[in-house]
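Report on the following structure.
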Amino acid sequence: MKQNKYDDRSFFEKYSQMARSTGGLDAAGEWPALRALLPDLSGKAVLDLGCGYGWHCRYAREEGARFVVGVDLSEKMLERAQELTEDKAITYRRLAIEDIDFSAGQFDVVISSLAIHYVEHFDDLCQKVHHCLTEGGSFILSVEHPMFTSRAEQDWFYGLQGERLHWPVDNYQDEGLRQARFLETDVVKYHRTVATYMNALIDVGFSITKLSEPQPTQEALDKYPEMKDETRRPIFLLIAAEKRNH
C-alpha cells in the first residue's frame, strides 16, 4: 500500500506545525544519533528516501556531497522542499519509495528517515537499495521502534489520574499492518521485529555496522520538556549498514 496522507490539506497543515517541521533537524530528537551514523559525505552521491522537506538533502550538500536525489510521494512535501532549497545539485523526484529503480552503483550513500515503517515489503526495498549502491556504500535508516509499532494504539497505559504508568508491548511477533492514529488521522504502518529489519538487510548482502536506540539529548529535553517521557522507552530504531565487498 502506497500512502500519500501528506497531500491531504488538513493532515499536511497539522504536520507543518510539528516541531521537526518548523525547527528542522535540530528539532528532531533522533537527529544527533542519526548524524553520528552517517559516513563522510564529502564528494558522495546521496539518495534520500522519503525526503519530506529535504532537510537531510540540504545537510548532505552542506557536508560536501557531490549531488543529492530526494524521493517522496507527496507533492506538498516536495513543493516545500523546493521552496527551502536553492541548490542545483539537489534534485527532488515524486516517487513512492517502493518504486525506486535507479541504476546499479548510482549512489554512495542512501538515507531514509522515519519513512520505511510505511513500506509494506522491506525485503524488496533492501534489494533495490543494495542494487543502486556502490560497493562499500552505506545505507542509514531510522524507523519507529518495533516496541512502538507492535500495538496499533501506540500509546501509554494510563492511571486513574491520567498519569503515564508504562508503555505496553503486545503482539510483538505478529508482524504486518497496523492501523494507527497520527495527527488525528488513520495511517497504515507496518510492524516488523528488530530481527526482521536486520535479517532482511543481511540476506541481500549488507553488513550491519551499528545500531542505535536513541533518547532525546539533555539539550532537547531542556528545549522541549514534553519529550521527558521519551526517555522511558525507545521510540526510534536506527540502523547503519554497508554493502559488502564481494
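As shown in the C-alpha cells, the chain order sets the letters A, B, ...; within each chain, residues go from 1, and ligands are also counted from 1 in the order they appear.
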- List every residue of range 21-184 of chain A that DSSP, applied to the backbone of this structure, assigns to alpha helix (DSSP H), and report them as number ranges by chain. A: 21-23, 31-37, 55-62, 75-84, 122-132, 146-149
File dump, residues just selected, N, CA and C atoms, as a CSV table (one decimal), in the first residue's frame:
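Result file part09.csv:
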```csv
chain,number,residue,atom,x,y,z
A,21,SER,N,9.0,20.0,11.8
A,21,SER,CA,8.7,20.7,10.6
A,21,SER,C,9.1,22.2,10.6
A,22,THR,N,9.0,22.8,11.8
A,22,THR,CA,9.3,24.2,11.9
A,22,THR,C,10.8,24.4,12.2
A,23,GLY,N,11.3,23.5,13.0
A,23,GLY,CA,12.7,23.7,13.5
A,23,GLY,C,13.8,22.9,12.8
A,31,TRP,N,18.0,13.2,15.7
A,31,TRP,CA,19.0,13.6,14.7
A,31,TRP,C,20.4,13.5,15.2
A,32,PRO,N,20.8,13.8,16.4
A,32,PRO,CA,22.2,13.6,16.8
A,32,PRO,C,22.7,12.2,16.6
A,33,ALA,N,21.8,11.2,17.0
A,33,ALA,CA,22.2,9.8,16.8
A,33,ALA,C,22.3,9.4,15.3
A,34,LEU,N,21.4,9.9,14.5
A,34,LEU,CA,21.4,9.6,13.1
A,34,LEU,C,22.6,10.2,12.4
A,35,ARG,N,22.9,11.4,12.8
A,35,ARG,CA,24.1,12.1,12.2
A,35,ARG,C,25.4,11.4,12.6
A,36,ALA,N,25.4,10.8,13.7
A,36,ALA,CA,26.6,10.0,14.2
A,36,ALA,C,26.8,8.8,13.4
A,37,LEU,N,25.7,8.3,12.7
A,37,LEU,CA,25.8,7.0,11.9
A,37,LEU,C,26.3,7.3,10.5
A,55,TRP,N,15.3,18.3,4.5
A,55,TRP,CA,16.3,18.6,5.5
A,55,TRP,C,17.6,17.8,5.3
A,56,HIS,N,17.5,16.5,5.2
A,56,HIS,CA,18.7,15.7,5.1
A,56,HIS,C,19.4,15.9,3.7
A,57,CYS,N,18.7,16.2,2.7
A,57,CYS,CA,19.3,16.5,1.4
A,57,CYS,C,20.2,17.8,1.5
A,58,ARG,N,19.7,18.8,2.1
A,58,ARG,CA,20.5,20.0,2.3
A,58,ARG,C,21.6,19.8,3.2
A,59,TYR,N,21.5,19.0,4.3
A,59,TYR,CA,22.6,18.7,5.2
A,59,TYR,C,23.7,18.0,4.4
A,60,ALA,N,23.3,17.0,3.6
A,60,ALA,CA,24.3,16.3,2.8
A,60,ALA,C,25.2,17.2,1.9
A,61,ARG,N,24.5,18.2,1.3
A,61,ARG,CA,25.3,19.1,0.5
A,61,ARG,C,26.2,20.0,1.3
A,62,GLU,N,25.7,20.4,2.5
A,62,GLU,CA,26.5,21.2,3.4
A,62,GLU,C,27.7,20.5,3.8
A,75,GLU,N,3.4,15.5,-3.1
A,75,GLU,CA,3.6,16.7,-3.9
A,75,GLU,C,3.8,17.9,-3.0
A,76,LYS,N,3.0,17.9,-1.9
A,76,LYS,CA,3.1,19.1,-1.0
A,76,LYS,C,4.4,19.1,-0.3
A,77,MET,N,4.9,17.9,0.1
A,77,MET,CA,6.2,17.8,0.7
A,77,MET,C,7.3,18.3,-0.2
A,78,LEU,N,7.3,17.9,-1.4
A,78,LEU,CA,8.3,18.3,-2.4
A,78,LEU,C,8.2,19.8,-2.8
A,79,GLU,N,7.0,20.3,-2.8
A,79,GLU,CA,6.8,21.8,-3.0
A,79,GLU,C,7.5,22.6,-1.9
A,80,ARG,N,7.4,22.1,-0.7
A,80,ARG,CA,8.0,22.8,0.5
A,80,ARG,C,9.5,22.6,0.4
A,81,ALA,N,10.0,21.4,0.0
A,81,ALA,CA,11.4,21.1,-0.1
A,81,ALA,C,12.0,22.1,-1.2
A,82,GLN,N,11.3,22.2,-2.3
A,82,GLN,CA,11.8,23.1,-3.4
A,82,GLN,C,11.9,24.6,-2.9
A,83,GLU,N,10.9,25.0,-2.1
A,83,GLU,CA,10.9,26.4,-1.5
A,83,GLU,C,12.1,26.6,-0.6
A,84,LEU,N,12.5,25.6,0.1
A,84,LEU,CA,13.6,25.7,1.1
A,84,LEU,C,15.0,25.5,0.4
A,122,PHE,N,9.7,-4.6,3.1
A,122,PHE,CA,11.1,-4.1,3.4
A,122,PHE,C,12.1,-4.9,2.7
A,123,ASP,N,11.9,-6.2,2.5
A,123,ASP,CA,12.9,-7.1,1.8
A,123,ASP,C,13.1,-6.6,0.4
A,124,ASP,N,12.0,-6.3,-0.3
A,124,ASP,CA,12.1,-5.8,-1.7
A,124,ASP,C,12.9,-4.5,-1.8
A,125,LEU,N,12.6,-3.6,-0.8
A,125,LEU,CA,13.3,-2.3,-0.8
A,125,LEU,C,14.8,-2.5,-0.5
A,126,CYS,N,15.2,-3.5,0.3
A,126,CYS,CA,16.6,-3.7,0.6
A,126,CYS,C,17.3,-4.2,-0.7
A,127,GLN,N,16.6,-5.0,-1.5
A,127,GLN,CA,17.2,-5.4,-2.8
A,127,GLN,C,17.5,-4.2,-3.7
A,128,LYS,N,16.5,-3.3,-3.8
A,128,LYS,CA,16.7,-2.1,-4.6
A,128,LYS,C,17.8,-1.2,-4.1
A,129,VAL,N,17.8,-1.0,-2.8
A,129,VAL,CA,18.8,-0.1,-2.3
A,129,VAL,C,20.2,-0.7,-2.5
A,130,HIS,N,20.3,-2.0,-2.2
A,130,HIS,CA,21.6,-2.7,-2.4
A,130,HIS,C,22.1,-2.6,-3.9
A,131,HIS,N,21.1,-2.7,-4.8
A,131,HIS,CA,21.5,-2.6,-6.2
A,131,HIS,C,22.0,-1.2,-6.6
A,132,CYS,N,21.4,-0.2,-6.1
A,132,CYS,CA,21.8,1.2,-6.5
A,132,CYS,C,23.0,1.7,-5.7
A,146,PRO,N,10.3,-1.1,16.8
A,146,PRO,CA,9.3,-2.2,16.9
A,146,PRO,C,8.5,-2.2,18.3
A,147,MET,N,9.1,-1.8,19.4
A,147,MET,CA,8.4,-1.7,20.6
A,147,MET,C,7.3,-0.6,20.5
A,148,PHE,N,7.5,0.3,19.6
A,148,PHE,CA,6.5,1.4,19.5
A,148,PHE,C,5.4,1.0,18.5
A,149,THR,N,5.8,0.2,17.5
A,149,THR,CA,4.8,-0.2,16.4
A,149,THR,C,4.0,-1.5,16.7
```
- Task: Can you check which residues of range 80-174 of chain A DSSP gives as strand (DSSP E) on the backbone and send them as an NGL selection string?
- Result: :A and (90-94 or 107-113 or 133-144 or 157-158 or 164-166)
Mind dumping the selected residues with C-alpha atoms as a compact mmCIF listing (two decimals), in the first residue's frame?
```txt
# COMPACT_ATOMS: atom_id res chain seq x y z
CA ILE A 90 19.83 18.65 -5.23
CA THR A 91 17.11 17.01 -7.33
CA TYR A 92 13.68 16.08 -5.99
CA ARG A 93 11.62 13.32 -7.56
CA ARG A 94 8.00 12.47 -6.87
CA PHE A 107 24.82 6.17 -5.14
CA ASP A 108 27.44 6.03 -2.40
CA VAL A 109 25.03 6.68 0.47
CA VAL A 110 21.30 6.03 0.90
CA ILE A 111 19.47 7.68 3.79
CA SER A 112 15.90 7.12 4.95
CA SER A 113 14.47 8.90 7.97
CA LEU A 133 24.67 1.44 -4.01
CA THR A 134 28.34 1.26 -4.87
CA GLU A 135 30.44 -1.49 -3.31
CA GLY A 136 31.13 -0.46 0.27
CA GLY A 137 28.24 2.04 0.10
CA SER A 138 26.22 2.93 3.19
CA PHE A 139 22.51 2.55 3.96
CA ILE A 140 21.49 4.58 7.02
CA LEU A 141 17.86 4.32 8.12
CA SER A 142 15.62 5.22 11.01
CA VAL A 143 12.19 3.74 11.71
CA GLU A 144 9.71 3.80 14.54
CA PHE A 157 -1.13 2.80 29.76
CA TYR A 158 -2.65 5.47 31.96
CA ARG A 164 1.52 7.61 32.22
CA LEU A 165 2.19 4.36 34.07
CA HIS A 166 4.03 2.32 31.44
```
- Pick out the closest residue to Leu238 in chain A from this set: A:Ala27, A:Leu41, A:Leu211, A:Val204. Count only C-alpha atoms.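 Counting only C-alpha atoms, the residue closest to Leu238 in chain A is A:Leu211.
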- Query: Could you state the separation of CA of Asp222 in chain A and CA of Trp156 in chain A in Å, given to one decimal place?
  - Reply: 22.4 Å
- Quick one: of A:Ser207, A:Thr217, A:Ser212, A:Ser10, who's nearest to Glu242 in chain A, counting only C-alpha atoms?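 For Glu242 in chain A, the nearest of the given residues is A:Ser207.
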